[in-house]
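Participant: Sharing upload.txt (compact mmCIF, C-alpha atoms and all ligand atoms) below.
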# COMPACT_ATOMS: atom_id res chain seq x y z
CA MET A 2 143.88 27.90 111.97
CA PRO A 3 144.78 25.38 109.25
CA ASN A 4 144.75 27.97 106.45
CA GLY A 5 146.73 30.60 108.32
CA LYS A 6 145.59 33.90 109.76
CA LEU A 7 144.85 36.99 107.74
CA ALA A 8 146.22 40.35 108.84
CA GLY A 9 143.85 41.86 111.37
CA GLU A 10 142.11 38.54 111.98
CA ARG A 11 141.97 37.48 115.63
CA CYS A 12 143.64 34.15 116.28
CA VAL A 13 141.11 31.52 117.35
CA GLN A 14 143.53 30.43 120.07
CA LEU A 15 143.41 33.79 121.87
CA SER A 16 141.40 33.78 125.09
CA PRO A 17 139.21 36.78 125.99
CA ASP A 18 142.06 38.09 128.15
CA ASN A 19 144.50 37.79 125.20
CA ARG A 20 146.37 34.72 126.35
CA CYS A 21 147.37 31.91 124.02
CA ARG A 22 145.30 28.81 124.82
CA ILE A 23 147.92 26.50 123.28
CA PHE A 24 151.05 28.11 124.72
CA GLY A 25 153.60 25.39 125.47
CA LEU A 26 151.70 22.74 123.51
CA PRO A 27 153.14 21.02 120.42
CA GLU A 28 150.29 22.23 118.19
CA ARG A 29 151.33 25.88 118.65
CA PRO A 30 152.46 27.10 115.20
CA ALA A 31 156.20 27.26 114.49
CA VAL A 32 155.94 30.97 113.60
CA CYS A 33 154.58 31.70 117.08
CA LEU A 34 157.22 29.54 118.71
CA ALA A 35 159.97 31.39 116.83
CA PHE A 36 158.77 34.84 117.89
CA SER A 37 160.56 36.40 120.86
CA ALA A 38 159.04 39.36 122.61
CA ASP A 39 160.75 42.54 121.52
CA LEU A 40 160.39 46.02 123.01
CA GLU A 41 160.03 47.58 119.53
CA VAL A 42 157.11 45.29 118.71
CA CYS A 43 155.52 44.77 122.10
CA GLY A 44 156.16 48.05 123.86
CA GLU A 45 155.79 48.11 127.60
CA THR A 46 152.02 47.69 127.93
CA ASN A 47 149.18 45.81 126.21
CA GLU A 48 147.97 49.12 124.78
CA GLN A 49 151.39 49.89 123.26
CA ALA A 50 151.61 46.38 121.82
CA LEU A 51 148.19 46.66 120.15
CA GLN A 52 149.01 50.11 118.73
CA GLN A 53 152.33 48.86 117.37
CA LEU A 54 150.84 45.67 115.91
CA ASN A 55 148.03 47.65 114.24
CA TRP A 56 150.62 50.01 112.75
CA LEU A 57 152.76 47.11 111.50
CA GLU A 58 149.74 45.39 109.93
CA GLN A 59 148.68 48.55 108.12
CA ALA A 60 152.23 49.40 107.04
CA THR A 61 152.74 45.95 105.52
CA ALA A 62 149.23 45.40 104.13
CA ILE A 63 148.78 44.58 100.47
CA PHE A 64 145.99 46.54 98.86
CA LEU A 65 144.45 44.91 95.80
CA LYS A 66 143.02 47.05 93.02
CA SER A 67 139.59 46.11 91.79
CA SER A 68 139.13 46.50 88.04
S1 LIG B 1 150.81 32.62 120.00
FE1 LIG B 1 150.12 32.01 117.97
S2 LIG B 1 148.60 30.41 118.35
FE2 LIG B 1 148.89 31.49 120.27
S3 LIG B 1 147.33 33.08 120.26
FE3 LIG B 1 149.16 34.01 119.41
S4 LIG B 1 148.94 33.79 117.20
FE4 LIG B 1 147.51 32.35 118.17
Let me see the structure of the file written as structure tokens.
Facilitator:
Amino acid sequence: MPNGKLAGERCVQLSPDNRCRIFGLPERPAVCLAFSADLEVCGETNEQALQQLNWLEQATAIFLKSS
């Protein structure tokens, strides 16, 4: 994704079973490479991870006012 990924936007590299298609390859973005799995972010199951990530995205979202 040459222009980055918006909050809530699905990464184009995610497979249907939520695996990174470029894991371990040099083209994987540095921000992904730098991330280490963390219990507070990832929880213990896929469901917990998605709930936590959705919460984090909403909690840090920037809402623009239309005038
Ligand atoms: S690790 Fe990065 S490149 Fe891979 S699927 Fe996740 S967001 Fe996309």
Participant: Quick one: residues within 9 Å of Leu34 of chain A, all atoms listed in the file counted, chain neighbours fewer than 4 positions away excluded, as a ChimeraX atom specification?
Facilitator: /A:24-25,29-30
Participant: Mind listing the residues within 9 Å of ligand LIG 1 (chain B), all atoms listed in the file counted, as a list in words?
Facilitator: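 Using all atoms listed in the file, everything at most 9 Å from ligand LIG 1 (chain B) comes to Met2, Lys6, Arg11, Cys12, Val13, Gln14, Leu15, Ser16, Asn19, Arg20, Cys21, Arg22, Ile23, Phe24, Glu28, Arg29, Pro30, Ala31, Val32, Cys33, Leu34 and Phe36 of chain A.
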Participant: Tell me, in Å to one decimal, how far atom CA of Ala62 of chain A is from atom CA of Pro17 of chain A.
Facilitator: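 Atom CA of Pro17 of chain A lies at a distance of 25.5 Å from atom CA of Ala62 of chain A.
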Participant: Between atom CA of Lys66 of chain A and atom CA of Leu54 of chain A, what is the distance, to one decimal in Å?
Facilitator: 24.2 Å
Participant: Between atom CA of Gln59 of chain A and atom CA of Gly44 of chain A, what is the spacing in Å?
Facilitator: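 Interatomic distance here is 17.4 Å.
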